[in-house]
$ cat target_29.txt   # compact mmCIF, N, CA and C atoms
# COMPACT_ATOMS: atom_id res chain seq x y z
N MET A 1158 -138.54 11.52 -157.81
CA MET A 1158 -137.18 11.23 -157.45
C MET A 1158 -137.17 10.53 -156.10
N ILE A 1159 -136.36 9.50 -155.96
CA ILE A 1159 -136.23 8.75 -154.71
C ILE A 1159 -135.00 9.25 -153.96
N HIS A 1160 -135.16 9.53 -152.66
CA HIS A 1160 -134.07 10.02 -151.83
C HIS A 1160 -133.62 8.93 -150.87
N ALA A 1161 -132.33 8.82 -150.65
CA ALA A 1161 -131.80 7.87 -149.68
C ALA A 1161 -132.17 8.29 -148.26
N PHE A 1162 -132.17 9.59 -148.01
CA PHE A 1162 -132.60 10.12 -146.73
C PHE A 1162 -132.93 11.59 -146.91
N GLN A 1163 -133.64 12.13 -145.94
CA GLN A 1163 -134.00 13.54 -145.96
C GLN A 1163 -134.11 14.01 -144.53
N PHE A 1164 -133.62 15.21 -144.27
CA PHE A 1164 -133.78 15.79 -142.94
C PHE A 1164 -133.82 17.30 -143.09
N SER A 1165 -134.37 17.94 -142.09
CA SER A 1165 -134.48 19.39 -142.08
C SER A 1165 -133.65 19.93 -140.92
N LEU A 1166 -132.84 20.93 -141.21
CA LEU A 1166 -132.04 21.54 -140.16
C LEU A 1166 -132.89 22.48 -139.31
N GLY A 1167 -133.98 22.97 -139.86
CA GLY A 1167 -134.87 23.84 -139.11
C GLY A 1167 -134.35 25.26 -138.95
N HIS A 1168 -133.30 25.60 -139.68
CA HIS A 1168 -132.72 26.94 -139.60
C HIS A 1168 -132.30 27.37 -140.98
N GLN A 1169 -132.37 28.66 -141.24
CA GLN A 1169 -131.95 29.17 -142.53
C GLN A 1169 -130.42 29.28 -142.54
N ILE A 1170 -129.81 28.69 -143.56
CA ILE A 1170 -128.36 28.66 -143.70
C ILE A 1170 -127.94 29.73 -144.69
N LEU A 1171 -126.87 30.45 -144.38
CA LEU A 1171 -126.37 31.49 -145.27
C LEU A 1171 -125.59 30.87 -146.43
N GLN A 1172 -125.81 31.40 -147.62
CA GLN A 1172 -125.14 30.90 -148.82
C GLN A 1172 -123.62 31.02 -148.69
N GLY A 1173 -122.92 29.95 -149.03
CA GLY A 1173 -121.47 29.94 -149.00
C GLY A 1173 -120.86 29.72 -147.63
N LEU A 1174 -121.68 29.58 -146.60
CA LEU A 1174 -121.16 29.41 -145.24
C LEU A 1174 -121.40 28.00 -144.74
N CYS A 1175 -120.76 27.04 -145.40
CA CYS A 1175 -120.94 25.64 -145.05
C CYS A 1175 -119.60 24.92 -145.21
N THR A 1176 -119.29 24.03 -144.29
CA THR A 1176 -118.07 23.25 -144.36
C THR A 1176 -118.32 21.91 -143.68
N VAL A 1177 -117.39 20.98 -143.85
CA VAL A 1177 -117.45 19.68 -143.18
C VAL A 1177 -116.16 19.51 -142.40
N GLY A 1178 -116.29 19.16 -141.12
CA GLY A 1178 -115.11 18.95 -140.28
C GLY A 1178 -115.20 17.65 -139.52
N LYS A 1179 -114.04 17.05 -139.30
CA LYS A 1179 -113.94 15.86 -138.46
C LYS A 1179 -113.43 16.30 -137.10
N TYR A 1180 -114.34 16.81 -136.29
CA TYR A 1180 -113.97 17.44 -135.02
C TYR A 1180 -113.53 16.44 -133.96
N ASP A 1181 -113.89 15.16 -134.14
CA ASP A 1181 -113.39 14.11 -133.25
C ASP A 1181 -112.25 13.34 -133.91
N GLY A 1182 -111.86 13.74 -135.10
CA GLY A 1182 -110.79 13.08 -135.84
C GLY A 1182 -111.24 11.92 -136.69
N LYS A 1183 -112.54 11.55 -136.61
CA LYS A 1183 -113.03 10.37 -137.33
C LYS A 1183 -114.28 10.65 -138.16
N HIS A 1184 -115.28 11.25 -137.55
CA HIS A 1184 -116.61 11.37 -138.16
C HIS A 1184 -116.85 12.76 -138.74
N PRO A 1185 -117.35 12.83 -139.97
CA PRO A 1185 -117.63 14.15 -140.57
C PRO A 1185 -118.89 14.78 -139.97
N CYS A 1186 -118.81 16.10 -139.76
CA CYS A 1186 -119.94 16.88 -139.25
C CYS A 1186 -120.19 18.04 -140.21
N LEU A 1187 -121.44 18.23 -140.57
CA LEU A 1187 -121.84 19.37 -141.39
C LEU A 1187 -121.89 20.61 -140.51
N THR A 1188 -121.25 21.68 -140.95
CA THR A 1188 -121.17 22.91 -140.17
C THR A 1188 -121.60 24.07 -141.06
N ALA A 1189 -122.47 24.94 -140.55
CA ALA A 1189 -122.98 26.04 -141.37
C ALA A 1189 -123.29 27.26 -140.52
N GLY A 1190 -123.13 28.44 -141.13
CA GLY A 1190 -123.51 29.69 -140.49
C GLY A 1190 -124.98 29.96 -140.73
N THR A 1191 -125.69 30.41 -139.72
CA THR A 1191 -127.12 30.70 -139.85
C THR A 1191 -127.34 32.21 -139.91
N THR A 1192 -128.55 32.57 -140.29
CA THR A 1192 -128.91 33.99 -140.37
C THR A 1192 -129.01 34.63 -138.99
N ALA A 1193 -129.09 33.83 -137.93
CA ALA A 1193 -129.25 34.35 -136.57
C ALA A 1193 -127.93 34.56 -135.85
N GLY A 1194 -126.79 34.55 -136.56
CA GLY A 1194 -125.50 34.74 -135.91
C GLY A 1194 -125.04 33.53 -135.13
N LYS A 1195 -125.48 32.36 -135.56
CA LYS A 1195 -125.09 31.12 -134.89
C LYS A 1195 -124.40 30.21 -135.90
N VAL A 1196 -123.61 29.27 -135.38
CA VAL A 1196 -123.03 28.21 -136.20
C VAL A 1196 -123.73 26.92 -135.81
N LEU A 1197 -124.32 26.27 -136.80
CA LEU A 1197 -125.00 25.00 -136.61
C LEU A 1197 -124.01 23.89 -136.92
N ILE A 1198 -123.89 22.91 -136.04
CA ILE A 1198 -123.01 21.76 -136.26
C ILE A 1198 -123.88 20.50 -136.17
N HIS A 1199 -124.00 19.81 -137.30
CA HIS A 1199 -124.81 18.58 -137.37
C HIS A 1199 -123.86 17.38 -137.39
N CYS A 1200 -123.89 16.60 -136.30
CA CYS A 1200 -123.04 15.42 -136.15
C CYS A 1200 -123.93 14.19 -136.00
N PRO A 1201 -124.30 13.54 -137.12
CA PRO A 1201 -125.24 12.42 -137.03
C PRO A 1201 -124.71 11.24 -136.23
N HIS A 1202 -123.41 11.11 -136.07
CA HIS A 1202 -122.84 10.00 -135.29
C HIS A 1202 -123.05 10.18 -133.79
N ASN A 1203 -123.50 11.36 -133.34
CA ASN A 1203 -123.76 11.59 -131.92
C ASN A 1203 -125.12 11.08 -131.47
N ARG A 1204 -125.92 10.58 -132.40
CA ARG A 1204 -127.27 10.11 -132.07
C ARG A 1204 -127.18 8.76 -131.34
N THR A 1205 -127.85 8.67 -130.22
CA THR A 1205 -127.97 7.42 -129.48
C THR A 1205 -129.44 7.21 -129.16
N GLU A 1206 -129.77 6.06 -128.61
CA GLU A 1206 -131.17 5.79 -128.26
C GLU A 1206 -131.63 6.69 -127.12
N GLU A 1207 -130.73 7.05 -126.19
CA GLU A 1207 -131.10 7.91 -125.07
C GLU A 1207 -131.11 9.38 -125.45
N SER A 1208 -130.31 9.76 -126.41
CA SER A 1208 -130.13 11.17 -126.71
C SER A 1208 -130.12 11.41 -128.22
N ARG A 1209 -130.68 12.53 -128.62
CA ARG A 1209 -130.67 12.91 -130.03
C ARG A 1209 -129.95 14.26 -130.19
N ASN A 1210 -128.81 14.40 -129.52
CA ASN A 1210 -128.08 15.67 -129.58
C ASN A 1210 -127.12 15.68 -130.77
N GLU A 1211 -127.65 15.42 -131.94
CA GLU A 1211 -126.82 15.41 -133.14
C GLU A 1211 -126.64 16.81 -133.71
N VAL A 1212 -127.39 17.81 -133.21
CA VAL A 1212 -127.25 19.19 -133.66
C VAL A 1212 -126.83 20.05 -132.48
N MET A 1213 -125.74 20.81 -132.68
CA MET A 1213 -125.25 21.74 -131.66
C MET A 1213 -125.22 23.13 -132.28
N PHE A 1214 -125.23 24.14 -131.44
CA PHE A 1214 -125.15 25.53 -131.91
C PHE A 1214 -124.06 26.27 -131.14
N LEU A 1215 -123.33 27.11 -131.86
CA LEU A 1215 -122.41 28.05 -131.24
C LEU A 1215 -123.00 29.43 -131.45
N ASN A 1216 -123.20 30.17 -130.38
CA ASN A 1216 -123.72 31.53 -130.48
C ASN A 1216 -122.56 32.48 -130.72
N ILE A 1217 -122.48 33.00 -131.92
CA ILE A 1217 -121.43 33.94 -132.26
C ILE A 1217 -121.91 35.37 -131.98
N ASN A 1218 -123.21 35.60 -132.12
CA ASN A 1218 -123.85 36.89 -131.88
C ASN A 1218 -123.28 38.02 -132.73
N ARG A 1219 -122.78 37.68 -133.89
CA ARG A 1219 -122.30 38.63 -134.89
C ARG A 1219 -122.62 38.06 -136.26
N LYS A 1220 -122.60 38.90 -137.27
CA LYS A 1220 -122.84 38.42 -138.62
C LYS A 1220 -121.65 37.55 -139.05
N ILE A 1221 -121.93 36.30 -139.39
CA ILE A 1221 -120.89 35.35 -139.78
C ILE A 1221 -120.58 35.55 -141.26
N THR A 1222 -119.29 35.66 -141.57
CA THR A 1222 -118.88 35.89 -142.96
C THR A 1222 -118.14 34.71 -143.57
N SER A 1223 -117.63 33.79 -142.74
CA SER A 1223 -116.89 32.64 -143.27
C SER A 1223 -116.80 31.54 -142.21
N VAL A 1224 -116.88 30.29 -142.65
CA VAL A 1224 -116.64 29.13 -141.77
C VAL A 1224 -115.77 28.12 -142.53
N VAL A 1225 -114.74 27.63 -141.85
CA VAL A 1225 -113.83 26.65 -142.43
C VAL A 1225 -113.42 25.69 -141.32
N ALA A 1226 -113.27 24.42 -141.66
CA ALA A 1226 -112.77 23.42 -140.71
C ALA A 1226 -111.44 22.88 -141.23
N GLY A 1227 -110.53 22.60 -140.33
CA GLY A 1227 -109.25 22.03 -140.72
C GLY A 1227 -108.39 21.72 -139.53
N GLN A 1228 -107.35 20.94 -139.78
CA GLN A 1228 -106.45 20.51 -138.71
C GLN A 1228 -105.36 21.57 -138.53
N LEU A 1229 -105.74 22.66 -137.89
CA LEU A 1229 -104.83 23.79 -137.69
C LEU A 1229 -103.67 23.44 -136.78
N ASN A 1230 -103.93 22.62 -135.77
CA ASN A 1230 -102.88 22.16 -134.85
C ASN A 1230 -102.66 20.68 -135.09
N PRO A 1231 -101.59 20.29 -135.81
CA PRO A 1231 -101.37 18.87 -136.12
C PRO A 1231 -101.27 17.99 -134.88
N ALA A 1232 -100.92 18.54 -133.74
CA ALA A 1232 -100.81 17.75 -132.50
C ALA A 1232 -102.17 17.26 -132.01
N LEU A 1233 -103.26 17.92 -132.41
CA LEU A 1233 -104.59 17.52 -131.95
C LEU A 1233 -105.14 16.31 -132.69
N ASN A 1234 -104.70 16.06 -133.91
CA ASN A 1234 -105.20 14.95 -134.74
C ASN A 1234 -106.70 15.04 -134.99
N ARG A 1235 -107.23 16.27 -135.05
CA ARG A 1235 -108.64 16.49 -135.37
C ARG A 1235 -108.79 17.91 -135.90
N ASP A 1236 -109.90 18.14 -136.56
CA ASP A 1236 -110.18 19.46 -137.10
C ASP A 1236 -110.65 20.41 -136.01
N VAL A 1237 -110.39 21.69 -136.25
CA VAL A 1237 -110.96 22.76 -135.44
C VAL A 1237 -111.80 23.62 -136.37
N LEU A 1238 -112.66 24.44 -135.79
CA LEU A 1238 -113.56 25.30 -136.56
C LEU A 1238 -113.04 26.73 -136.53
N MET A 1239 -112.92 27.33 -137.71
CA MET A 1239 -112.49 28.71 -137.85
C MET A 1239 -113.69 29.52 -138.34
N VAL A 1240 -114.08 30.54 -137.57
CA VAL A 1240 -115.27 31.33 -137.88
C VAL A 1240 -114.86 32.79 -138.04
N GLY A 1241 -115.23 33.38 -139.17
CA GLY A 1241 -114.94 34.78 -139.41
C GLY A 1241 -116.20 35.61 -139.29
N THR A 1242 -116.03 36.84 -138.79
CA THR A 1242 -117.13 37.81 -138.73
C THR A 1242 -116.63 39.10 -139.39
N GLN A 1243 -117.45 40.12 -139.38
CA GLN A 1243 -117.08 41.39 -139.99
C GLN A 1243 -115.90 42.05 -139.29
N THR A 1244 -115.61 41.65 -138.05
CA THR A 1244 -114.52 42.30 -137.30
C THR A 1244 -113.59 41.34 -136.57
N SER A 1245 -113.80 40.01 -136.69
CA SER A 1245 -112.99 39.12 -135.87
C SER A 1245 -112.85 37.73 -136.48
N LEU A 1246 -111.89 36.99 -135.90
CA LEU A 1246 -111.66 35.57 -136.21
C LEU A 1246 -111.72 34.80 -134.91
N MET A 1247 -112.48 33.72 -134.88
CA MET A 1247 -112.55 32.85 -133.72
C MET A 1247 -112.17 31.44 -134.16
N VAL A 1248 -111.28 30.80 -133.43
CA VAL A 1248 -110.91 29.41 -133.69
C VAL A 1248 -111.38 28.60 -132.49
N TYR A 1249 -112.15 27.57 -132.78
CA TYR A 1249 -112.90 26.84 -131.75
C TYR A 1249 -112.64 25.35 -131.85
N ASP A 1250 -112.39 24.70 -130.72
CA ASP A 1250 -112.23 23.25 -130.63
C ASP A 1250 -113.61 22.66 -130.30
N VAL A 1251 -114.27 22.12 -131.30
CA VAL A 1251 -115.63 21.60 -131.12
C VAL A 1251 -115.64 20.42 -130.16
N GLU A 1252 -114.69 19.52 -130.28
CA GLU A 1252 -114.63 18.32 -129.45
C GLU A 1252 -114.50 18.66 -127.96
N GLU A 1253 -113.69 19.66 -127.65
CA GLU A 1253 -113.46 20.06 -126.25
C GLU A 1253 -114.38 21.19 -125.80
N ASN A 1254 -115.21 21.72 -126.72
CA ASN A 1254 -116.12 22.82 -126.43
C ASN A 1254 -115.35 24.01 -125.82
N ALA A 1255 -114.29 24.42 -126.54
CA ALA A 1255 -113.42 25.48 -126.01
C ALA A 1255 -112.91 26.38 -127.13
N ASP A 1256 -112.82 27.68 -126.82
CA ASP A 1256 -112.18 28.62 -127.74
C ASP A 1256 -110.68 28.36 -127.70
N LEU A 1257 -110.05 28.31 -128.89
CA LEU A 1257 -108.60 28.22 -128.94
C LEU A 1257 -107.98 29.60 -128.99
N PHE A 1258 -108.59 30.49 -129.79
CA PHE A 1258 -108.20 31.89 -129.75
C PHE A 1258 -109.24 32.75 -130.44
N PHE A 1259 -109.20 34.04 -130.10
CA PHE A 1259 -110.09 35.05 -130.67
C PHE A 1259 -109.22 36.24 -131.05
N LYS A 1260 -109.36 36.73 -132.28
CA LYS A 1260 -108.57 37.86 -132.74
C LYS A 1260 -109.48 38.91 -133.35
N GLU A 1261 -109.30 40.15 -132.94
CA GLU A 1261 -109.95 41.26 -133.63
C GLU A 1261 -109.19 41.46 -134.94
N VAL A 1262 -109.93 41.56 -136.03
CA VAL A 1262 -109.33 41.77 -137.35
C VAL A 1262 -109.97 43.04 -137.88
N HIS A 1263 -109.24 44.15 -137.79
CA HIS A 1263 -109.81 45.47 -138.08
C HIS A 1263 -110.28 45.62 -139.52
N ASP A 1264 -109.66 44.89 -140.45
CA ASP A 1264 -110.05 44.97 -141.85
C ASP A 1264 -111.22 44.02 -142.15
N GLY A 1265 -111.64 43.23 -141.18
CA GLY A 1265 -112.73 42.28 -141.35
C GLY A 1265 -112.24 40.96 -141.90
N VAL A 1266 -113.12 39.95 -141.84
CA VAL A 1266 -112.83 38.63 -142.38
C VAL A 1266 -113.89 38.33 -143.43
N ASN A 1267 -113.54 38.55 -144.69
CA ASN A 1267 -114.47 38.24 -145.78
C ASN A 1267 -114.38 36.78 -146.19
N THR A 1268 -113.20 36.20 -146.03
CA THR A 1268 -113.01 34.79 -146.38
C THR A 1268 -111.89 34.20 -145.55
N ILE A 1269 -111.94 32.89 -145.36
CA ILE A 1269 -110.90 32.15 -144.64
C ILE A 1269 -110.42 31.03 -145.53
N ALA A 1270 -109.11 30.84 -145.57
CA ALA A 1270 -108.50 29.68 -146.23
C ALA A 1270 -107.62 28.99 -145.20
N PHE A 1271 -107.47 27.70 -145.36
CA PHE A 1271 -106.69 26.91 -144.42
C PHE A 1271 -105.65 26.11 -145.20
N GLY A 1272 -104.41 26.07 -144.70
CA GLY A 1272 -103.39 25.27 -145.37
C GLY A 1272 -102.00 25.73 -145.01
N ASN A 1273 -101.05 25.43 -145.88
CA ASN A 1273 -99.66 25.77 -145.65
C ASN A 1273 -99.25 26.92 -146.57
N ILE A 1274 -98.33 27.76 -146.07
CA ILE A 1274 -97.76 28.81 -146.89
C ILE A 1274 -96.24 28.64 -146.87
N MET A 1275 -95.58 29.25 -147.83
CA MET A 1275 -94.12 29.13 -147.93
C MET A 1275 -93.43 29.62 -146.66
N ASN A 1276 -92.36 28.94 -146.31
CA ASN A 1276 -91.50 29.30 -145.18
C ASN A 1276 -92.16 29.13 -143.82
N VAL A 1277 -93.32 28.49 -143.75
CA VAL A 1277 -93.98 28.20 -142.48
C VAL A 1277 -94.29 26.71 -142.45
N GLU A 1278 -93.76 25.99 -141.45
CA GLU A 1278 -93.91 24.53 -141.41
C GLU A 1278 -95.33 24.07 -141.10
N ALA A 1279 -95.95 24.65 -140.11
CA ALA A 1279 -97.28 24.20 -139.67
C ALA A 1279 -98.37 24.85 -140.52
N PRO A 1280 -99.55 24.24 -140.56
CA PRO A 1280 -100.68 24.84 -141.28
C PRO A 1280 -101.08 26.18 -140.64
N VAL A 1281 -101.67 27.04 -141.44
CA VAL A 1281 -102.11 28.35 -140.96
C VAL A 1281 -103.54 28.63 -141.39
N CYS A 1282 -104.14 29.55 -140.69
CA CYS A 1282 -105.45 30.07 -141.02
C CYS A 1282 -105.22 31.42 -141.69
N VAL A 1283 -105.56 31.53 -142.98
CA VAL A 1283 -105.35 32.75 -143.74
C VAL A 1283 -106.69 33.45 -143.87
N VAL A 1284 -106.75 34.72 -143.46
CA VAL A 1284 -108.00 35.48 -143.55
C VAL A 1284 -107.81 36.66 -144.50
N GLY A 1285 -108.81 36.87 -145.32
CA GLY A 1285 -108.80 38.00 -146.24
C GLY A 1285 -109.88 38.98 -145.86
N GLY A 1286 -109.47 40.24 -145.73
CA GLY A 1286 -110.42 41.29 -145.38
C GLY A 1286 -110.72 42.16 -146.58
N ASN A 1287 -111.05 43.42 -146.32
CA ASN A 1287 -111.37 44.34 -147.40
C ASN A 1287 -110.16 44.66 -148.26
N CYS A 1288 -108.98 44.81 -147.65
CA CYS A 1288 -107.78 45.10 -148.44
C CYS A 1288 -106.52 44.50 -147.85
N SER A 1289 -106.62 43.58 -146.91
CA SER A 1289 -105.43 42.95 -146.34
C SER A 1289 -105.61 41.44 -146.20
N ILE A 1290 -104.47 40.77 -146.07
CA ILE A 1290 -104.43 39.32 -145.86
C ILE A 1290 -103.56 39.08 -144.63
N GLN A 1291 -104.04 38.21 -143.73
CA GLN A 1291 -103.29 37.86 -142.53
C GLN A 1291 -103.30 36.34 -142.38
N ALA A 1292 -102.22 35.81 -141.79
CA ALA A 1292 -102.14 34.37 -141.51
C ALA A 1292 -101.83 34.18 -140.03
N PHE A 1293 -102.55 33.25 -139.40
CA PHE A 1293 -102.39 32.97 -137.98
C PHE A 1293 -102.07 31.49 -137.77
N ASP A 1294 -101.25 31.18 -136.77
CA ASP A 1294 -100.99 29.79 -136.42
C ASP A 1294 -102.05 29.31 -135.42
N HIS A 1295 -101.89 28.08 -134.92
CA HIS A 1295 -102.89 27.49 -134.03
C HIS A 1295 -102.98 28.18 -132.67
N GLU A 1296 -102.01 29.03 -132.33
CA GLU A 1296 -102.05 29.75 -131.06
C GLU A 1296 -102.54 31.19 -131.23
N GLY A 1297 -102.83 31.58 -132.48
CA GLY A 1297 -103.30 32.93 -132.73
C GLY A 1297 -102.21 33.93 -133.03
N ASN A 1298 -100.97 33.44 -133.19
CA ASN A 1298 -99.86 34.32 -133.54
C ASN A 1298 -99.96 34.72 -135.00
N GLU A 1299 -99.79 35.99 -135.27
CA GLU A 1299 -99.82 36.47 -136.66
C GLU A 1299 -98.47 36.17 -137.31
N LEU A 1300 -98.51 35.35 -138.38
CA LEU A 1300 -97.28 34.94 -139.06
C LEU A 1300 -97.08 35.67 -140.37
N PHE A 1301 -98.14 36.28 -140.89
CA PHE A 1301 -98.04 36.94 -142.19
C PHE A 1301 -99.08 38.04 -142.24
N TRP A 1302 -98.71 39.14 -142.90
CA TRP A 1302 -99.62 40.26 -143.11
C TRP A 1302 -99.24 40.96 -144.39
N SER A 1303 -100.21 41.30 -145.19
CA SER A 1303 -99.93 42.02 -146.44
C SER A 1303 -101.17 42.83 -146.83
N VAL A 1304 -100.90 43.96 -147.49
CA VAL A 1304 -102.00 44.80 -148.03
C VAL A 1304 -101.97 44.68 -149.53
$ encode --input "target_29.txt" --output "structure tokens"
Amino acid sequence: MIHAFQFSLGHQILQGLCTVGKYDGKHPCLTAGTTAGKVLIHCPHNRTEESRNEVMFLNINRKITSVVAGQLNPALNRDVLMVGTQTSLMVYDVEENADLFFKEVHDGVNTIAFGNIMNVEAPVCVVGGNCSIQAFDHEGNELFWSV
């Protein structure tokens, strides 16, 4: 079989923990949770002749359970990264290298969905735990909760 290209990330990626985000609003970046409690972000457009910093890492230092990218704040015109762990949700602006918010989620974050829900104008981050569902806006305000 002939491949157009091949590369190795050099890290073990957890099954189901992969997404693609346009963190600068233009270029897609592969994002994945690793077995070491880190988020790997591969941005091939960051490669220059002087620098090869196309791979970045976020140290979460917890078991990662979900990763999703999306334009949570429409005013930013770019995607942000939403990372779930067994006890928390972190929303991170990759372009600005800054946390947008961190929330303890006592029921855990088994999965994250991103989009719009009824009666809420802006997109939300919806997290599902062991027996509850919560929705947060781009500032970390809880807009919905159900068991």
$ select_by_dssp --input "target_29.txt" --residues "region 1176-1290 of chain A" --states "strand (DSSP E)" --output "PyMOL selection string"
chain A and resi 1176-1178+1186-1191+1195-1199+1212-1216+1221-1227+1237-1242+1245-1250+1255-1261+1268-1272+1281-1285+1290
$ atom_distance --input "target_29.txt" --atom1 "atom C of Met1275 (chain A)" --atom2 "atom C of Phe1293 (chain A)"
12.5 Å
$ residues_around --input "target_29.txt" --residues "region 1243-1258 of chain A" --least-positions-apart "6" --cutoff "6.5 Å" --atoms "all atoms listed in the file" --output "count of residues only"
14
$ residues_around --input "target_29.txt" --residues "Ser1303 (chain A)" --least-positions-apart "2" --cutoff "9 Å" --atoms "only C-alpha atoms" --output "number ranges by chain"
A: 1288-1291, 1301
